[in-house]
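Heads up, target.cif below (mmCIF, C-alpha atoms):
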```cif
data_target
#
loop_
_atom_site.label_atom_id
_atom_site.label_comp_id
_atom_site.auth_asym_id
_atom_site.auth_seq_id
_atom_site.Cartn_x
_atom_site.Cartn_y
_atom_site.Cartn_z
CA MET O 506 16.13 -19.70 26.42
CA GLY O 507 14.39 -16.31 26.18
CA ASP O 508 10.81 -15.26 26.83
CA PHE O 509 8.36 -14.70 24.00
CA ARG O 510 5.21 -12.64 24.55
CA TYR O 511 2.36 -14.41 22.84
CA VAL O 512 0.02 -11.66 23.95
CA GLU O 513 1.27 -8.10 23.83
CA ASN O 514 -1.04 -5.41 25.13
CA GLY O 515 -0.73 -1.94 23.74
CA ARG O 516 -2.39 0.78 21.75
CA MET O 517 -2.14 2.56 18.44
CA GLY O 518 -0.23 5.82 18.37
CA ARG O 519 0.74 8.16 15.55
CA VAL O 520 -0.11 7.64 11.88
CA ALA O 521 2.26 8.28 8.99
CA TYR O 522 1.61 8.41 5.27
CA ALA O 523 4.50 8.40 2.82
CA ARG O 524 5.22 8.38 -0.85
CA ILE O 525 8.43 6.44 -1.49
CA ALA O 526 10.28 7.25 -4.70
CA PRO O 527 11.47 5.04 -7.57
CA ASN O 528 14.36 2.60 -7.16
CA GLU O 529 14.10 2.67 -3.34
CA ASP O 530 13.57 -0.76 -1.83
CA LEU O 531 10.06 -1.55 -0.56
CA VAL O 532 11.14 -3.24 2.69
CA ILE O 533 14.07 -0.96 3.52
CA GLY O 534 11.97 2.08 2.54
CA ILE O 535 9.38 1.22 5.20
CA GLU O 536 12.16 0.71 7.75
CA LYS O 537 13.62 4.13 6.82
CA LEU O 538 10.16 5.68 7.19
CA CYS O 539 10.03 4.34 10.76
CA LEU O 540 13.46 5.83 11.46
CA ALA O 541 12.36 9.16 9.97
CA LYS O 542 9.21 9.28 12.06
CA GLY O 543 10.64 7.80 15.26
CA PHE O 544 8.38 4.74 15.19
CA ASN O 545 9.81 1.70 16.99
CA ASN O 546 6.93 -0.59 16.13
CA ALA O 547 4.23 -0.16 13.51
CA PHE O 548 1.59 -1.93 11.47
CA VAL O 549 0.99 -1.37 7.78
CA ARG O 550 -2.55 0.01 7.43
CA GLY O 551 -2.64 0.57 3.70
CA ALA O 552 -0.24 0.23 0.83
CA LEU O 553 -0.24 0.30 -2.95
CA GLY O 554 2.17 1.03 -5.71
CA SER O 555 4.43 -0.61 -8.24
CA LEU O 556 7.76 -2.44 -8.35
CA VAL O 557 10.29 -2.77 -11.16
CA ASP O 558 10.43 -6.53 -10.50
CA ALA O 559 9.26 -8.40 -7.41
CA SER O 560 11.17 -10.93 -5.32
CA LEU O 561 9.12 -13.12 -3.00
CA GLU O 562 10.47 -15.67 -0.57
CA ALA O 563 9.63 -19.25 -1.57
CA SER O 564 8.84 -22.01 0.91
CA ASP O 565 12.14 -23.77 0.17
CA GLY O 566 14.12 -20.60 0.98
CA GLY O 567 14.56 -19.66 -2.66
CA VAL O 568 13.25 -16.56 -4.38
CA ILE O 569 10.25 -16.29 -6.67
CA GLU O 570 11.08 -13.60 -9.21
CA VAL O 571 8.24 -11.76 -10.90
CA LYS O 572 9.36 -9.86 -13.95
CA GLY O 573 8.16 -6.32 -14.66
CA PRO O 574 8.02 -3.51 -15.18
CA ALA O 575 5.70 -2.84 -13.65
CA VAL O 576 4.73 -5.34 -11.01
CA GLU O 577 1.75 -3.86 -9.18
CA ILE O 578 1.46 -4.30 -5.41
CA VAL O 579 -2.17 -5.32 -4.98
CA SER O 580 -2.15 -6.47 -1.36
CA LEU O 581 0.28 -5.87 1.46
CA ALA O 582 0.21 -6.64 5.16
CA GLY O 583 2.96 -6.46 7.68
CA GLU O 584 4.60 -4.92 10.66
CA VAL O 585 7.80 -3.29 11.77
CA ARG O 586 9.56 -4.24 15.00
CA SER O 587 12.69 -2.67 16.43
CA ASP O 588 15.37 -4.45 18.41
CA ALA O 589 16.93 -3.24 21.66
CA ASN O 590 19.22 -0.93 19.71
CA GLY O 591 16.30 0.64 17.86
CA THR O 592 17.09 -0.99 14.54
CA PRO O 593 13.79 -1.50 12.70
CA SER O 594 12.98 -4.66 10.80
CA ALA O 595 9.95 -4.84 8.50
CA SER O 596 8.20 -8.13 7.79
CA LEU O 597 5.97 -7.68 4.77
CA SER O 598 3.84 -10.16 2.89
CA GLY O 599 1.57 -9.58 -0.03
CA VAL O 600 0.24 -10.24 -3.49
CA VAL O 601 1.66 -8.72 -6.65
CA ALA O 602 0.44 -8.66 -10.25
CA ASP O 603 2.73 -8.86 -13.27
CA PRO O 604 2.20 -6.76 -16.45
CA GLU O 605 -0.42 -9.30 -17.61
CA GLY O 606 -2.32 -9.16 -14.32
CA ASN O 607 -1.18 -12.63 -13.19
CA VAL O 608 -0.82 -12.82 -9.42
CA TYR O 609 1.90 -14.15 -7.12
CA GLY O 610 2.13 -14.03 -3.34
CA GLY O 611 4.55 -14.36 -0.47
CA PRO O 612 6.92 -12.48 1.82
CA PHE O 613 8.87 -9.63 0.18
CA VAL O 614 12.64 -10.15 0.20
CA SER O 615 14.51 -7.20 1.70
CA GLY O 616 16.69 -5.39 -0.83
CA LEU O 617 15.22 -7.05 -3.92
CA ASN O 618 11.98 -5.11 -4.44
CA PRO O 619 12.83 -1.77 -6.09
CA ILE O 620 9.92 0.63 -6.45
CA CYS O 621 9.00 1.39 -10.05
CA VAL O 622 7.06 4.70 -10.09
CA THR O 623 5.65 5.20 -6.62
CA PHE O 624 4.70 3.45 -3.41
CA GLU O 625 2.05 4.86 -1.08
CA VAL O 626 2.02 3.51 2.45
CA THR O 627 0.22 4.28 5.70
CA LEU O 628 1.78 3.08 8.94
CA GLU O 629 0.15 3.14 12.34
CA GLU O 630 2.49 3.22 15.30
CA TRP O 631 2.12 0.37 17.80
CA LEU O 632 2.90 1.25 21.41
CA PRO O 633 3.25 -1.94 23.46
CA GLU O 634 2.79 -1.86 27.18
CA PRO O 635 5.90 -2.90 29.13
CA ALA O 636 6.05 -6.63 29.82
CA GLU O 637 4.94 -7.60 33.29
CA ASP O 638 7.86 -9.11 35.13
CA THR O 639 5.90 -11.94 36.71
CA GLY O 640 6.08 -15.63 36.20
CA SER O 641 2.47 -15.77 35.07
CA SER O 642 3.14 -13.45 32.12
CA ARG O 643 5.93 -15.56 30.75
CA ALA O 644 5.37 -18.32 28.29
CA ARG O 645 7.61 -21.24 27.56
CA THR O 646 8.94 -20.79 24.09
CA GLY O 647 10.82 -23.80 22.91
CA GLY O 648 13.82 -21.65 22.09
CA LEU O 649 12.16 -18.60 20.55
CA HIS O 650 13.87 -15.32 21.29
CA LEU O 651 12.35 -11.87 20.94
CA MET T 594 27.47 -18.18 -6.15
CA THR T 595 25.76 -15.25 -7.83
CA THR T 596 24.33 -12.57 -5.58
CA LYS T 597 20.94 -11.33 -6.74
CA ARG T 598 20.73 -7.62 -7.35
CA PRO T 599 17.66 -5.45 -7.90
CA ARG T 600 17.18 -3.92 -11.33
CA LEU T 601 16.93 -0.12 -11.18
CA LEU T 602 15.27 1.95 -13.89
CA ARG T 603 16.34 5.25 -15.35
CA HIS T 604 13.38 7.65 -15.34
CA PRO T 605 12.95 10.38 -17.93
CA GLY T 606 13.16 13.37 -15.58
CA PRO T 607 15.71 14.78 -13.14
CA PHE T 608 16.47 12.73 -10.02
CA ASN T 609 14.66 14.09 -6.97
CA PRO T 610 16.91 13.93 -3.89
CA VAL T 611 13.85 13.55 -1.63
CA ARG T 612 13.25 9.78 -1.69
CA ILE T 613 10.67 9.51 1.10
CA LYS T 614 8.08 12.27 1.36
CA ALA T 615 6.14 11.67 4.53
CA GLY T 616 3.50 13.28 6.67
CA SER T 617 2.36 12.20 10.09
CA ALA T 618 -0.34 12.96 12.60
CA THR T 619 -0.64 12.35 16.31
CA TYR T 620 -3.55 9.98 15.68
CA GLY T 621 -5.74 8.59 12.96
CA ILE T 622 -9.52 8.49 12.73
CA HIS T 623 -10.96 5.07 11.94
CA ILE T 624 -14.27 4.47 10.23
CA ARG T 625 -15.98 1.29 9.11
CA LEU T 626 -17.58 2.22 5.82
CA SER T 627 -20.07 0.10 3.88
CA LEU T 628 -19.98 0.65 0.13
CA LYS T 629 -23.51 1.17 -1.15
CA PRO T 630 -24.85 -1.39 -3.66
CA GLY T 631 -25.39 -0.05 -7.17
CA GLU T 632 -22.99 2.88 -6.83
CA THR T 633 -19.61 3.14 -8.45
CA LEU T 634 -16.72 2.29 -6.17
CA PHE T 635 -15.65 5.92 -6.53
CA ASP T 636 -18.98 7.42 -5.42
CA ALA T 637 -19.57 4.81 -2.71
CA MET T 638 -16.27 5.78 -1.13
CA VAL T 639 -16.06 9.52 -1.77
CA LYS T 640 -19.60 10.72 -1.00
CA PRO T 641 -20.17 9.32 2.53
CA LEU T 642 -16.67 10.30 3.63
CA ALA T 643 -17.00 13.84 2.21
CA GLU T 644 -20.21 14.19 4.24
CA ARG T 645 -18.03 13.58 7.31
CA ASN T 646 -15.40 16.02 6.03
CA ILE T 647 -12.92 13.24 5.26
CA ARG T 648 -11.13 13.91 1.98
CA ASP T 649 -7.79 12.21 2.61
CA ALA T 650 -7.53 8.64 3.84
CA SER T 651 -5.97 5.25 3.45
CA THR T 652 -8.50 2.44 3.10
CA THR T 653 -8.66 -1.34 3.09
CA ILE T 654 -11.48 -2.91 1.09
CA LEU T 655 -12.12 -6.18 2.85
CA ARG T 656 -13.90 -8.13 0.11
CA GLY T 657 -17.07 -8.16 -1.92
CA ALA T 658 -18.91 -8.74 -5.18
CA PHE T 659 -19.14 -6.17 -7.95
CA GLU T 660 -21.81 -5.94 -10.62
CA LYS T 661 -19.19 -4.64 -13.07
CA MET T 662 -15.48 -4.24 -12.72
CA TYR T 663 -12.77 -2.81 -14.92
CA TYR T 664 -9.06 -2.84 -14.17
CA CYS T 665 -5.81 -2.13 -15.93
CA VAL T 666 -2.19 -3.18 -15.69
CA ALA T 667 1.02 -1.20 -16.17
CA PRO T 668 3.35 -2.44 -18.92
CA PRO T 669 6.24 -0.37 -20.31
CA ASP T 670 5.12 2.87 -21.98
CA PRO T 671 5.36 2.32 -25.76
CA GLU T 672 5.67 6.07 -26.28
CA LYS T 673 8.51 6.32 -23.70
CA ARG T 674 7.03 9.36 -21.94
CA ALA T 675 7.37 7.44 -18.66
CA VAL T 676 8.80 4.02 -17.83
CA ILE T 677 5.30 2.53 -17.65
CA ALA T 678 1.80 3.47 -18.77
CA TYR T 679 -1.58 2.08 -17.81
CA SER T 680 -3.11 -0.35 -20.29
CA LYS T 681 -6.58 0.05 -21.77
CA PRO T 682 -9.34 -0.98 -19.34
CA ILE T 683 -9.82 -4.73 -19.04
CA ASP T 684 -13.40 -5.89 -18.48
CA ALA T 685 -13.50 -8.31 -15.52
CA GLY T 686 -17.31 -8.63 -15.72
CA ARG T 687 -19.19 -9.50 -12.52
CA ALA T 688 -16.04 -9.80 -10.49
CA TYR T 689 -15.27 -10.46 -6.84
CA MET T 690 -12.77 -8.27 -5.03
CA ILE T 691 -10.72 -10.53 -2.79
CA PHE T 692 -8.76 -7.72 -1.16
CA GLY T 693 -8.07 -4.13 -2.06
CA ASN T 694 -6.32 -1.02 -0.88
CA ALA T 695 -7.38 2.45 -1.91
CA THR T 696 -6.01 5.89 -1.18
CA LEU T 697 -8.48 8.77 -1.10
CA GLY T 698 -6.95 12.08 -2.04
CA ARG T 699 -7.40 15.03 -4.39
CA THR T 700 -6.49 15.72 -7.99
CA VAL T 701 -4.30 18.63 -9.03
CA GLU T 702 -7.57 20.61 -9.41
CA GLY T 703 -8.71 19.67 -5.90
CA GLU T 704 -11.36 17.16 -6.99
CA PRO T 705 -11.67 13.77 -5.20
CA LEU T 706 -9.40 10.99 -6.41
CA VAL T 707 -9.41 7.30 -5.47
CA HIS T 708 -6.30 5.26 -6.29
CA CYS T 709 -7.15 1.58 -5.86
CA HIS T 710 -5.18 -1.63 -6.37
CA ALA T 711 -6.80 -4.99 -5.73
CA VAL T 712 -6.74 -8.74 -6.15
CA ILE T 713 -9.88 -9.87 -7.94
CA ARG T 714 -11.59 -12.98 -9.25
CA THR T 715 -13.00 -12.20 -12.66
CA GLU T 716 -16.35 -13.44 -13.95
CA ARG T 717 -14.43 -16.14 -15.86
CA GLY T 718 -12.91 -17.36 -12.57
CA GLU T 719 -9.38 -16.08 -13.13
CA VAL T 720 -7.59 -14.51 -10.16
CA LYS T 721 -5.99 -11.28 -11.37
CA GLY T 722 -4.53 -8.11 -9.90
CA GLY T 723 -4.17 -4.54 -10.98
CA HIS T 724 -5.30 -0.95 -10.84
CA ILE T 725 -9.08 -0.76 -10.42
CA ILE T 726 -10.98 1.83 -12.46
CA THR T 727 -13.13 3.06 -9.62
CA GLU T 728 -15.41 5.30 -11.72
CA GLN T 729 -16.51 2.33 -13.86
CA SER T 730 -16.70 -0.45 -11.25
CA ILE T 731 -20.17 -0.95 -9.73
CA VAL T 732 -20.73 -2.35 -6.24
CA GLY T 733 -22.85 -5.54 -6.32
CA SER T 734 -26.06 -6.28 -4.44
CA LYS T 735 -24.51 -6.43 -0.95
CA PRO T 736 -22.64 -3.67 0.93
CA ILE T 737 -18.85 -4.07 0.99
CA SER T 738 -16.94 -3.34 4.20
CA VAL T 739 -14.06 -0.89 4.15
CA LEU T 740 -11.73 0.12 6.97
CA VAL T 741 -10.88 3.80 6.61
CA THR T 742 -7.87 5.40 8.32
CA SER T 743 -7.96 9.17 8.04
CA ILE T 744 -4.77 11.07 8.77
CA VAL T 745 -5.82 14.26 10.50
CA GLY T 746 -4.14 17.37 9.15
CA ILE T 747 -2.41 15.73 6.19
CA GLU T 748 -3.66 16.41 2.67
CA LEU T 749 -3.00 13.79 -0.02
CA ARG T 750 -2.81 15.67 -3.27
CA GLN T 751 -1.86 14.64 -6.77
CA ALA T 752 1.10 16.54 -8.19
CA TYR T 753 3.12 16.16 -11.36
CA ASP T 754 6.33 14.35 -10.57
CA GLU T 755 9.22 15.71 -12.65
CA GLU T 756 11.34 12.60 -12.18
CA THR T 757 8.82 10.02 -13.41
CA HIS T 758 6.64 12.27 -15.62
CA VAL T 759 3.58 10.91 -13.83
CA SER T 760 1.08 12.73 -11.59
CA LEU T 761 1.27 11.08 -8.17
CA LEU T 762 -0.36 11.39 -4.78
CA GLN T 763 1.89 13.11 -2.25
CA PRO T 764 1.36 14.22 1.35
CA TYR T 765 1.13 17.91 2.21
CA GLY T 766 0.63 19.49 5.59
CA GLU T 767 2.39 21.09 8.50
CA GLU T 768 4.02 17.88 9.63
CA SER T 769 4.93 16.53 6.18
CA HIS T 770 8.53 16.64 5.09
CA GLY T 771 10.96 14.85 2.89
#
```
Represent the structure of the file as structure tokens.
Amino acid sequence: MGDFRYVENGRMGRVAYARIAPNEDLVIGIEKLCLAKGFNNAFVRGALGSLVDASLEASDGGVIEVKGPAVEIVSLAGEVRSDANGTPSASLSGVVADPEGNVYGGPFVSGLNPICVTFEVTLEEWLPEPAEDTGSSRARTGGLHL
Amino acid sequence: MTTKRPRLLRHPGPFNPVRIKAGSATYGIHIRLSLKPGETLFDAMVKPLAERNIRDASTTILRGAFEKMYYCVAPPDPEKRAVIAYSKPIDAGRAYMIFGNATLGRTVEGEPLVHCHAVIRTERGEVKGGHIITEQSIVGSKPISVLVTSIVGIELRQAYDEETHVSLLQPYGEESHG
């Protein structure tokens, strides 16, 4: 059983703005941006753009497909975390609008959200403080692993 | 079992090998802005920030009522100049913005530009999403909170994109690169 930090102290660091080009994947594109800029952890501070089609994770594990083009990204929140090897993983959730303006929401599925014309994103680096190695800072997790 | 694959589109212009054009700064400046009632979304955002010398920023519009709102969507371009084209403005009436993101930058000519996408509830009660026409949307009777993140030293400027045949915001500055 590993430790999970329910409270992580830290501060904001660098800020990056990027334009990601057509046919790149939304989720993987943000992960590549973190690699390019040397960010281990980051929060999405602003994002808008369009997708060819959108794929959102459904509650039953399936995929909600929203047909475009273009599917507009009208809301996006999320973060990027890197593992011990430095491999970034973006968790992104948002609302999209189809070509009639109808809206759908959920987590974006990695690899299945190709950008249509452009995607503008601002990331703010998150710099966590090292975990205190004391018993009081550890929380029982019920099997959660960081 | 069939593996899902993303659909890629062929754009009208030459493929640009730079797929991520990024700029970064050592820190961002944060401002809580209140959009002034009665002004257009464009003016309410551009004017107070310009007074503080902020011309390039990423913003989050937290929520608020608008006296008038117009938006558009992006279906395929019937004239095939690009893969998509914005529709004619759709009148949302006295709409409520549930959540929005806007990028403040500059046009090709150096004039202010606000690119805004949002989820809205129209006057008829429908929840819709799209590209907000900021010059025609009027802030309602109460100020609307906006979190502004300004990226010091990075200019966000519109430039014609040869690949897509669309003018797009791109970062420029000493630290920006592809």
message = Please expand the PyMOL selection byres ((chain T and resi 614) around 10) into the concrete residues it hits in this file, giving the result as a list in words.
response =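 With the PyMOL selection byres ((chain T and resi 614) around 10) on this model, the match is Tyr522, Ala523, Arg524, Ile525, Ala526, Leu538 and Glu625 of chain O; Val611, Arg612, Ile613, Ala615, Gly616, Gln763, Pro764, Tyr765, Ser769, His770 and Gly771 of chain T.
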task = Name the residues that the PyMOL selection byres ((chain T and resi 666) around 6) pulls out of this structure, and write them as number ranges by chain.
result = O: 604; T: 665, 667, 679-680, 723
Would you output that residue set with C-alpha atoms, as a PDB file, keeping the file's coordinate frame?
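Result written to out-v4.pdb:
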```
ATOM      1  CA  PRO O 604       2.200  -6.760 -16.450  1.00  0.00           C
TER       2      PRO O 604
ATOM      3  CA  CYS T 665      -5.810  -2.130 -15.930  1.00  0.00           C
ATOM      4  CA  ALA T 667       1.020  -1.200 -16.170  1.00  0.00           C
ATOM      5  CA  TYR T 679      -1.580   2.080 -17.810  1.00  0.00           C
ATOM      6  CA  SER T 680      -3.110  -0.350 -20.290  1.00  0.00           C
ATOM      7  CA  GLY T 723      -4.170  -4.540 -10.980  1.00  0.00           C
TER       8      GLY T 723
END
```
ask   = Residues at most 12 Å from Ser580 in chain O, counting all atoms listed in the file, excluding those fewer than 3 positions away in the same chain, as a PyMOL selection string?
value = (chain O and resi 549-555+576-577+583+597-602+608-613+626) or (chain T and resi 652-656+690-695+709-713+721-724)
Test item: the PyMOL selection byres ((chain T and resi 598) around 12) resolved as a list in words = Asp530, Asp558, Ala559, Ser560, Glu570, Val614, Ser615, Gly616, Leu617, Asn618 and Pro619 of chain O; Thr595, Thr596, Lys597, Pro599, Arg600 and Leu601 of chain T
task = Would you mind listing what lies within 12 Å of Ile744 in chain T as a PyMOL selection string, with all atoms listed in the file counted and same-chain residues fewer than 4 positions away left out?
result = (chain O and resi 518-523+550-551+626-629) or (chain T and resi 615-624+647-652+696-698+748-749+764-766+768-769)
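Remark: for chain O, the closest of the candidate residues T:Pro668, T:Glu728, T:Ala752, T:Pro736 is T:Pro668 (distances computed over all atoms listed in the file).
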